[in-house]
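J.: Following this message is one structure expressed as structure tokens.
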Amino acid sequence: MVLAPLDVPTTAAPAPPDFAATLQQLASEFSAGATQLLVAIDGTVINITRVAYITVLILGVFLYFTRLNRRLGRDLIAGGIILAILSEYVFPVLVST
């Protein structure tokens, strides 16, 4: 009885997945998704503040010039201007840094 070698191809078993690379890929995907979410939230907040300060300014002008409540109208106009400056100039600079 002669033992003959079998012609079985010797293929290497696939390497186990690299845990660090998988974790890094998941972290980068999460970071990209979180960045997209924050950009969407930032745009929404800017639109909401625009509606807010425009509404406050319109109400302030209406109250001031109809003499229904001049002091409140003046305060609403000042508040609307401050809100507009903060939301259009100051907050975007703070968020971008």
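Naming scheme: A, B, ... for chains in displayed order of the structure tokens; residues 1 onward per chain; ligands 1 onward as shown.
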Set the distance at 7 Å and use only C-alpha atoms: which residues neighbour region 83-94 of chain A once local chain neighbours fewer than 6 positions away are removed? I'd like the list as a list in words.

T.: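 Using only C-alpha atoms, the neighbours found are Ile46, Thr49 and Tyr53 of chain A.
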
J.: Taking only C-alpha atoms into account, name the residue in A:Gln24, A:Thr55, A:Gly33, A:Leu38 that is nearest to Ile77 (chain A).

T.: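 Checking each of A:Gln24, A:Thr55, A:Gly33, A:Leu38 against Ile77 (chain A), counting only C-alpha atoms, the winner is A:Thr55.
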
J.: Taking only C-alpha atoms into account, which of A:Ala34, A:Leu26, A:Ile81, A:Leu76 comes nearest Tyr64 (chain A)?

T.: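 Result for the nearest residue to Tyr64 (chain A): A:Leu76.
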
J.: Write out as number ranges by chain the residues lying within 8 Å of Val56 (chain A), counting only C-alpha atoms and excluding same-chain residues fewer than 2 positions away.

T.: A: 52-54, 58-60, 76-77, 79-80

J.: Residues as selected, N, CA, C and O atoms, written as an mmCIF file, in the first residue's frame, can you do that?

T.:
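Written output follows (part-v1.cif):
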```
data_model
loop_
_atom_site.group_PDB
_atom_site.id
_atom_site.type_symbol
_atom_site.label_atom_id
_atom_site.label_comp_id
_atom_site.auth_asym_id
_atom_site.auth_seq_id
_atom_site.Cartn_x
_atom_site.Cartn_y
_atom_site.Cartn_z
ATOM 1 N N ALA A 52 -38.347 84.915 13.980
ATOM 2 C CA ALA A 52 -38.552 85.539 15.297
ATOM 3 C C ALA A 52 -38.224 87.025 15.268
ATOM 4 O O ALA A 52 -39.032 87.852 15.717
ATOM 5 N N TYR A 53 -37.048 87.397 14.752
ATOM 6 C CA TYR A 53 -36.721 88.820 14.821
ATOM 7 C C TYR A 53 -37.532 89.655 13.839
ATOM 8 O O TYR A 53 -37.813 90.826 14.110
ATOM 9 N N ILE A 54 -37.929 89.077 12.720
ATOM 10 C CA ILE A 54 -38.799 89.829 11.808
ATOM 11 C C ILE A 54 -40.156 90.070 12.453
ATOM 12 O O ILE A 54 -40.712 91.176 12.384
ATOM 13 N N ILE A 58 -41.732 93.741 13.372
ATOM 14 C CA ILE A 58 -43.023 94.185 12.828
ATOM 15 C C ILE A 58 -43.970 94.579 13.959
ATOM 16 O O ILE A 58 -44.640 95.627 13.888
ATOM 17 N N LEU A 59 -44.028 93.752 15.001
ATOM 18 C CA LEU A 59 -44.891 94.096 16.140
ATOM 19 C C LEU A 59 -44.429 95.376 16.819
ATOM 20 O O LEU A 59 -45.258 96.205 17.229
ATOM 21 N N GLY A 60 -43.118 95.526 16.965
ATOM 22 C CA GLY A 60 -42.600 96.745 17.594
ATOM 23 C C GLY A 60 -42.924 97.985 16.791
ATOM 24 O O GLY A 60 -43.347 99.005 17.344
ATOM 25 N N LEU A 76 -39.463 96.419 21.760
ATOM 26 C CA LEU A 76 -39.498 95.316 20.799
ATOM 27 C C LEU A 76 -38.614 95.605 19.586
ATOM 28 O O LEU A 76 -37.956 94.695 19.063
ATOM 29 N N ILE A 77 -38.593 96.842 19.142
ATOM 30 C CA ILE A 77 -37.718 97.206 18.018
ATOM 31 C C ILE A 77 -36.256 97.014 18.413
ATOM 32 O O ILE A 77 -35.469 96.427 17.658
ATOM 33 N N GLY A 79 -35.076 95.042 20.777
ATOM 34 C CA GLY A 79 -34.840 93.607 20.930
ATOM 35 C C GLY A 79 -34.728 92.899 19.596
ATOM 36 O O GLY A 79 -33.911 91.992 19.419
ATOM 37 N N GLY A 80 -35.555 93.293 18.633
ATOM 38 C CA GLY A 80 -35.489 92.688 17.303
ATOM 39 C C GLY A 80 -34.172 92.989 16.611
ATOM 40 O O GLY A 80 -33.600 92.117 15.945
#
```
